[in-house]
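Reproduced below: upload_33.pdb, with PDB, C-alpha atoms and all ligand atoms.
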```pdb
ATOM      1  CA  MET J 960     -57.279 -34.710-193.778
ATOM      2  CA  SER J 961     -54.878 -31.770-193.287
ATOM      3  CA  PRO J 962     -52.758 -31.751-190.068
ATOM      4  CA  PRO J 963     -53.628 -29.323-187.224
ATOM      5  CA  ALA J 964     -52.115 -25.863-187.780
ATOM      6  CA  LEU J 965     -50.136 -26.122-184.532
ATOM      7  CA  GLU J 966     -48.781 -29.422-183.126
ATOM      8  CA  HIS J 967     -46.537 -29.879-180.060
ATOM      9  CA  HIS J 968     -44.210 -32.899-180.454
ATOM     10  CA  SER J 969     -42.153 -32.139-177.310
ATOM     11  CA  ASP J 970     -41.329 -29.067-175.206
ATOM     12  CA  ASP J 971     -38.936 -27.797-177.851
ATOM     13  CA  HIS J 972     -40.203 -29.268-181.130
ATOM     14  CA  ILE J 973     -43.436 -28.257-182.838
ATOM     15  CA  SER J 974     -45.042 -28.181-186.274
ATOM     16  CA  VAL J 975     -46.693 -25.075-187.661
ATOM     17  CA  ARG J 976     -48.802 -25.570-190.809
ATOM     18  CA  GLY J 977     -47.083 -28.944-191.235
ATOM     19  CA  GLU J 978     -43.514 -27.530-191.084
ATOM     20  CA  PRO J 979     -41.054 -28.452-188.286
ATOM     21  CA  PHE J 980     -39.800 -25.780-185.883
ATOM     22  CA  ARG J 981     -37.518 -25.976-182.807
ATOM     23  CA  VAL J 982     -37.011 -23.638-179.846
ATOM     24  CA  TYR J 983     -34.455 -20.976-180.771
ATOM     25  CA  ILE J 984     -34.777 -18.290-178.060
ATOM     26  CA  ASP J 985     -36.580 -19.466-174.953
ATOM     27  CA  ARG J 986     -38.903 -17.371-172.783
ATOM     28  CA  ASP J 987     -36.313 -16.798-170.014
ATOM     29  CA  ARG J 988     -33.715 -15.398-172.420
ATOM     30  CA  LEU J 989     -36.385 -13.246-174.035
ATOM     31  CA  ALA J 990     -37.535 -11.883-170.680
ATOM     32  CA  ARG J 991     -33.987 -11.058-169.573
ATOM     33  CA  ARG J 992     -33.207  -9.273-172.826
ATOM     34  CA  VAL J 993     -36.465  -7.286-172.792
ATOM     35  CA  GLU J 994     -35.728  -6.162-169.203
ATOM     36  CA  ALA J 995     -32.258  -4.996-170.276
ATOM     37  CA  LEU J 996     -33.662  -3.060-173.263
ATOM     38  CA  GLY J 997     -36.283  -1.450-170.998
ATOM     39  CA  GLU J 998     -33.576  -0.373-168.584
ATOM     40  CA  GLN J 999     -31.460   1.078-171.383
ATOM     41  CA  ILE J1000     -34.437   3.030-172.769
ATOM     42  CA  SER J1001     -35.301   4.286-169.253
ATOM     43  CA  GLN J1002     -31.797   5.706-168.927
ATOM     44  CA  ASP J1003     -31.610   7.134-172.454
ATOM     45  CA  TYR J1004     -35.034   8.857-172.308
ATOM     46  CA  GLU J1005     -35.189  10.100-168.719
ATOM     47  CA  GLY J1006     -37.417  13.208-168.661
ATOM     48  CA  LEU J1007     -38.279  12.942-172.396
ATOM     49  CA  ARG J1008     -41.615  11.073-172.225
ATOM     50  CA  PRO J1009     -41.017   8.922-175.333
ATOM     51  CA  ILE J1010     -43.866   7.579-177.420
ATOM     52  CA  LEU J1011     -43.557   3.923-178.413
ATOM     53  CA  ILE J1012     -45.086   3.192-181.804
ATOM     54  CA  GLY J1013     -45.849  -0.494-182.176
ATOM     55  CA  VAL J1014     -46.055  -2.072-185.613
ATOM     56  CA  LEU J1015     -49.066  -4.406-185.742
ATOM     57  CA  ASN J1016     -49.621  -7.260-185.583
ATOM     58  CA  GLY J1017     -46.314  -8.936-184.787
ATOM     59  CA  ALA J1018     -44.860  -6.443-182.293
ATOM     60  CA  TYR J1019     -47.699  -6.352-179.774
ATOM     61  CA  ILE J1020     -46.351  -8.956-177.332
ATOM     62  CA  PHE J1021     -42.802  -7.567-177.384
ATOM     63  CA  LEU J1022     -44.222  -4.051-177.003
ATOM     64  CA  ALA J1023     -46.386  -5.041-174.025
ATOM     65  CA  ASP J1024     -43.378  -6.542-172.232
ATOM     66  CA  LEU J1025     -40.971  -3.780-173.262
ATOM     67  CA  MET J1026     -43.313  -1.026-172.070
ATOM     68  CA  ARG J1027     -43.613  -2.668-168.643
ATOM     69  CA  ALA J1028     -39.814  -2.938-168.469
ATOM     70  CA  ILE J1029     -39.530   0.844-168.973
ATOM     71  CA  ARG J1030     -39.671   2.649-165.634
ATOM     72  CA  ILE J1031     -40.022   6.238-166.921
ATOM     73  CA  ASP J1032     -43.179   7.960-168.151
ATOM     74  CA  CYS J1033     -43.999   6.899-171.729
ATOM     75  CA  GLU J1034     -46.911   6.632-174.171
ATOM     76  CA  VAL J1035     -47.985   4.152-176.833
ATOM     77  CA  ASP J1036     -49.609   4.202-180.270
ATOM     78  CA  PHE J1037     -49.858   1.724-183.137
ATOM     79  CA  MET J1038     -49.539   1.506-186.891
ATOM     80  CA  LYS J1039     -50.175  -1.380-189.224
ATOM     81  CA  LEU J1040     -48.516  -2.360-192.493
ATOM     82  CA  SER J1041     -49.524  -4.977-195.043
ATOM     83  CA  SER J1042     -47.998  -8.368-194.228
ATOM     84  CA  TYR J1043     -46.613 -11.309-196.213
ATOM     85  CA  GLY J1044     -49.879 -13.247-195.845
ATOM     86  CA  ALA J1045     -48.955 -16.897-195.300
ATOM     87  CA  GLU J1046     -45.606 -16.649-197.107
ATOM     88  CA  GLN J1047     -42.170 -17.065-195.497
ATOM     89  CA  ILE J1048     -40.413 -14.703-197.894
ATOM     90  CA  SER J1049     -40.684 -10.920-197.741
ATOM     91  CA  SER J1050     -42.634  -9.605-200.727
ATOM     92  CA  GLY J1051     -40.731  -6.312-200.666
ATOM     93  CA  THR J1052     -43.864  -4.226-201.192
ATOM     94  CA  VAL J1053     -45.096  -2.300-198.179
ATOM     95  CA  ARG J1054     -48.480  -0.636-197.754
ATOM     96  CA  SER J1055     -49.949   1.215-194.786
ATOM     97  CA  LEU J1056     -53.158  -0.334-193.401
ATOM     98  CA  LYS J1057     -53.445   1.828-190.269
ATOM     99  CA  GLU J1058     -51.733   5.105-189.458
ATOM    100  CA  ILE J1059     -50.912   6.454-186.008
ATOM    101  CA  ASP J1060     -53.440   8.656-184.186
ATOM    102  CA  ALA J1061     -50.911  10.584-182.066
ATOM    103  CA  ASP J1062     -49.425  13.908-183.065
ATOM    104  CA  ILE J1063     -45.684  13.155-182.965
ATOM    105  CA  GLU J1064     -44.380  16.565-184.001
ATOM    106  CA  GLY J1065     -41.624  17.487-181.539
ATOM    107  CA  ARG J1066     -41.956  14.141-179.716
ATOM    108  CA  HIS J1067     -39.319  11.483-179.018
ATOM    109  CA  VAL J1068     -40.433   8.426-180.983
ATOM    110  CA  ILE J1069     -39.342   4.812-180.544
ATOM    111  CA  ILE J1070     -40.641   2.515-183.287
ATOM    112  CA  VAL J1071     -41.171  -0.974-181.871
ATOM    113  CA  GLU J1072     -40.955  -3.871-184.359
ATOM    114  CA  ASP J1073     -40.949  -7.635-184.006
ATOM    115  CA  ILE J1074     -38.286  -8.297-186.646
ATOM    116  CA  VAL J1075     -36.221  -6.450-189.233
ATOM    117  CA  ASP J1076     -35.644  -8.780-192.196
ATOM    118  CA  THR J1077     -34.988  -7.038-195.534
ATOM    119  CA  GLY J1078     -35.458  -3.721-193.698
ATOM    120  CA  LEU J1079     -37.867  -2.422-196.348
ATOM    121  CA  SER J1080     -40.773  -2.133-193.880
ATOM    122  CA  MET J1081     -38.630  -0.187-191.408
ATOM    123  CA  GLN J1082     -37.314   2.087-194.137
ATOM    124  CA  TYR J1083     -40.899   2.810-195.188
ATOM    125  CA  ILE J1084     -41.932   3.566-191.564
ATOM    126  CA  LEU J1085     -38.947   5.841-190.893
ATOM    127  CA  ASP J1086     -39.591   7.719-194.097
ATOM    128  CA  ALA J1087     -43.339   8.104-193.433
ATOM    129  CA  LEU J1088     -42.943   9.231-189.799
ATOM    130  CA  SER J1089     -40.062  11.607-190.475
ATOM    131  CA  HIS J1090     -42.499  13.790-192.444
ATOM    132  CA  GLU J1091     -44.334  14.415-189.152
ATOM    133  CA  GLN J1092     -41.224  16.033-187.681
ATOM    134  CA  PRO J1093     -40.598  14.165-184.451
ATOM    135  CA  ALA J1094     -37.834  15.571-182.210
ATOM    136  CA  SER J1095     -36.045  12.220-182.486
ATOM    137  CA  MET J1096     -36.770   8.767-183.851
ATOM    138  CA  GLN J1097     -35.099   5.462-182.942
ATOM    139  CA  VAL J1098     -35.903   1.795-183.548
ATOM    140  CA  ALA J1099     -36.382  -1.011-181.042
ATOM    141  CA  THR J1100     -36.626  -4.399-182.733
ATOM    142  CA  MET J1101     -36.821  -7.699-180.918
ATOM    143  CA  LEU J1102     -35.037  -9.560-183.737
ATOM    144  CA  HIS J1103     -32.726  -8.613-186.606
ATOM    145  CA  LYS J1104     -31.791 -10.852-189.542
ATOM    146  CA  ALA J1105     -28.627  -8.927-190.408
ATOM    147  CA  ALA J1106     -27.737 -11.204-193.351
ATOM    148  CA  ALA J1107     -31.092 -10.435-195.004
ATOM    149  CA  THR J1108     -31.127  -6.675-194.507
ATOM    150  CA  LYS J1109     -30.759  -4.848-197.822
ATOM    151  CA  VAL J1110     -30.946  -1.235-196.662
ATOM    152  CA  ASP J1111     -28.785   0.847-194.371
ATOM    153  CA  LEU J1112     -30.702   1.373-191.108
ATOM    154  CA  GLU J1113     -29.705   2.533-187.656
ATOM    155  CA  LEU J1114     -31.212   0.032-185.216
ATOM    156  CA  ARG J1115     -30.587   1.503-181.762
ATOM    157  CA  TYR J1116     -32.187  -1.256-179.649
ATOM    158  CA  VAL J1117     -31.912  -4.860-180.896
ATOM    159  CA  GLY J1118     -33.015  -7.827-178.817
ATOM    160  CA  PHE J1119     -31.192 -10.540-180.779
ATOM    161  CA  GLU J1120     -29.304 -10.807-184.064
ATOM    162  CA  ILE J1121     -30.577 -14.056-185.606
ATOM    163  CA  ASP J1122     -29.877 -16.483-188.452
ATOM    164  CA  ASN J1123     -31.557 -15.874-191.792
ATOM    165  CA  LEU J1124     -34.322 -18.446-191.275
ATOM    166  CA  PHE J1125     -38.046 -18.123-190.668
ATOM    167  CA  VAL J1126     -39.120 -17.783-187.013
ATOM    168  CA  VAL J1127     -42.468 -17.901-185.182
ATOM    169  CA  GLY J1128     -43.727 -17.249-181.661
ATOM    170  CA  TYR J1129     -43.812 -14.372-179.140
ATOM    171  CA  GLY J1130     -46.072 -12.380-181.479
ATOM    172  CA  LEU J1131     -44.627 -13.652-184.785
ATOM    173  CA  ASP J1132     -46.943 -15.781-186.906
ATOM    174  CA  TYR J1133     -46.876 -18.151-189.830
ATOM    175  CA  GLY J1134     -50.116 -17.455-191.694
ATOM    176  CA  GLN J1135     -51.741 -16.264-188.424
ATOM    177  CA  VAL J1136     -50.628 -19.386-186.527
ATOM    178  CA  GLY J1137     -48.113 -19.442-183.658
ATOM    179  CA  ARG J1138     -48.275 -15.878-182.319
ATOM    180  CA  ASN J1139     -49.229 -17.141-178.859
ATOM    181  CA  LEU J1140     -46.146 -19.363-178.426
ATOM    182  CA  LYS J1141     -44.117 -18.206-175.404
ATOM    183  CA  ASP J1142     -40.739 -19.028-176.962
ATOM    184  CA  ILE J1143     -39.334 -18.103-180.378
ATOM    185  CA  PHE J1144     -39.092 -21.126-182.688
ATOM    186  CA  ILE J1145     -37.027 -21.436-185.875
ATOM    187  CA  LEU J1146     -37.642 -23.517-188.973
ATOM    188  CA  ASP J1147     -35.895 -26.875-188.491
ATOM    189  CA  ARG J1148     -35.195 -28.449-191.885
ATOM    190  CA  GLU J1149     -32.397 -30.808-190.625
TER     191      GLU J1149
HETATM  192  P1  LIG M1201     -38.920  -6.676-193.858
HETATM  193  O1  LIG M1201     -39.668  -5.546-194.496
HETATM  194  O2  LIG M1201     -37.827  -6.228-192.916
HETATM  195  O3  LIG M1201     -38.425  -7.668-194.869
HETATM  196  O4  LIG M1201     -39.974  -7.520-193.052
HETATM  197  C1  LIG M1201     -40.509  -7.109-191.864
HETATM  198  C2  LIG M1201     -41.758  -7.906-191.537
HETATM  199  O5  LIG M1201     -41.760  -9.186-192.154
HETATM  200  C3  LIG M1201     -41.810  -8.183-190.058
HETATM  201  O6  LIG M1201     -42.462  -7.142-189.379
HETATM  202  C4  LIG M1201     -42.572  -9.487-190.002
HETATM  203  O7  LIG M1201     -43.949  -9.232-189.997
HETATM  204  C5  LIG M1201     -42.219 -10.187-191.287
HETATM  205  N1  LIG M1201     -41.128 -11.181-191.095
HETATM  206  C6  LIG M1201     -39.855 -11.087-191.529
HETATM  207  N2  LIG M1201     -39.138 -12.180-191.192
HETATM  208  C7  LIG M1201     -40.002 -12.980-190.520
HETATM  209  C8  LIG M1201     -39.841 -14.247-189.872
HETATM  210  O8  LIG M1201     -38.780 -14.904-189.843
HETATM  211  N3  LIG M1201     -40.951 -14.740-189.269
HETATM  212  C9  LIG M1201     -42.154 -14.090-189.268
HETATM  213  N4  LIG M1201     -43.159 -14.695-188.644
HETATM  214  N5  LIG M1201     -42.327 -12.897-189.857
HETATM  215  C10 LIG M1201     -41.262 -12.346-190.466
END
```

Let me see the structure of the file written as structure tokens.
Amino acid sequence: MSPPALEHHSDDHISVRGEPFRVYIDRDRLARRVEALGEQISQDYEGLRPILIGVLNGAYIFLADLMRAIRIDCEVDFMKLSSYGAEQISSGTVRSLKEIDADIEGRHVIIVEDIVDTGLSMQYILDALSHEQPASMQVATMLHKAAATKVDLELRYVGFEIDNLFVVGYGLDYGQVGRNLKDIFILDRE
């Protein structure tokens, strides 16, 4: 019989799809960092009514917390790209599965992502949205695997720079498992 998709061994050690993970960034650190990013965005965009564009599915929990940490007027919309499926390695091919509904011409856009890994998804998004002529466009990503990023990107708001290992939790999944974990866990192959 196959093991359960999600197993808790202790408060900080779990298995996802049979692979071991340990707590890497706990919920308190996440909350403090999201508050700080929200404050920074509130200062930078005062009077500009930014529109946050969340990248589904992974960014929705970060986006929900980030938006509530922003104290100025702002809007939200969503887009969706093809994902890795149940793989841990980026396939490098990006496809759009859902486009935004909002008209962003002349608007101040903040793209909200869960993680920038190779950077190919973000490059695709920036390229696609720039054709709609926003007044400005910046990126807010909860996590950045700098050692894995292959393209030159300006990432204005970064929650945490992390090691080049697979992570789950706080919206990030492994084959649709683990999104609901409150902490971010990292693959633990020790
Ligand atoms: P990139 O195009 O930058 O290589 O990949 C971006 C997307 O890959 C992210 O939005 C996320 O869905 C997925 N991804 C990249 N690294 C990880 C990771 O460590 N864990 C999870 N769960 N997804 C990842």

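Residues selected in this file by the PyMOL selection byres (((chain J and resi 1017-1030) around 8) and not hetatm) comprise Val993, Glu994, Leu996, Gly997, Glu998, Ile1000, Ser1001, Gly1013, Val1014, Leu1015, Asn1016, Ile1031, Asp1032, Cys1033, Val1071, Glu1072, Asp1073, Met1101, Tyr1129, Gly1130, Leu1131, Asp1132 and Arg1138 of chain J.
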
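Among the candidates J:Ile1074, J:Val1053, J:Leu965, J:Val1068, the residue lying nearest to His1103 in chain J is J:Ile1074 (atoms considered: only C-alpha atoms).
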
| Can I get the residues close to ligand LIG 1201 (chain M) as a ChimeraX atom specification, where close means within 6 Å and we count all atoms listed in the file? | /J:1017,1042,1049,1073-1080,1124-1127,1131-1133

Centre and edges of the range 961-977 of chain J box, axis-aligned, 6 Å extra per side, as AutoDock Vina command-line options:
```
--center_x -46.9 --center_y -29.0 --center_z -184.2 --size_x 27.9 --size_y 19.8 --size_z 30.1
```

| request: I would like the residues chosen by the PyMOL selection byres (((chain J and resi 1111) around 10) and not hetatm) on the shown file; could you give them as an NGL selection string? | output: :J and (1078-1079 or 1082 or 1108-1110 or 1112-1114)

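Ranking J:Val1035, J:Leu1085, J:Leu1007, J:Val1117 by their shortest atom-to-atom distance to Thr1100 in chain J, with only C-alpha atoms included, puts J:Val1117 first.
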
| So what does the PyMOL selection byres (((chain J and resi 963) around 12) and not hetatm) actually pick up in this one, as a PyMOL selection string? | chain J and resi 960-962+964-967+973-978+1136-1137

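Each of J:Ile1012, J:Leu1056, J:Ala1061, J:Ala1107 was compared to Phe1037 in chain J using only C-alpha atoms, and J:Ile1012 turns out to be the nearest.
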
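Taking CA of Ser1095 in chain J and CA of Ile1070 in chain J as the two end points, the separation is 10.8 Å.
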
| field | Residue among J:Ala995, J:Ala1099, J:Phe1144, J:Glu1149 lying closest to Arg981 in chain J, counting all atoms listed in the file | value | J:Phe1144

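Across the structure, CA of Met1096 in chain J and CA of Asp1122 in chain J are spaced 26.6 Å apart.
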
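Minimum distance to Ile1010 in chain J across J:Ile1143, J:Ala1106, J:Ile1069, J:Leu1088 (counting only C-alpha atoms) occurs at J:Ile1069.
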
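Restricting the calculation to all atoms listed in the file, the smallest distance between Ala1087 in chain J and any of J:Glu1058, J:Asp1147, J:Asp1036, J:Leu1011 is found for J:Glu1058.
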
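Between CA of Ile984 in chain J and CA of Asp971 in chain J the interatomic distance comes to 10.4 Å.
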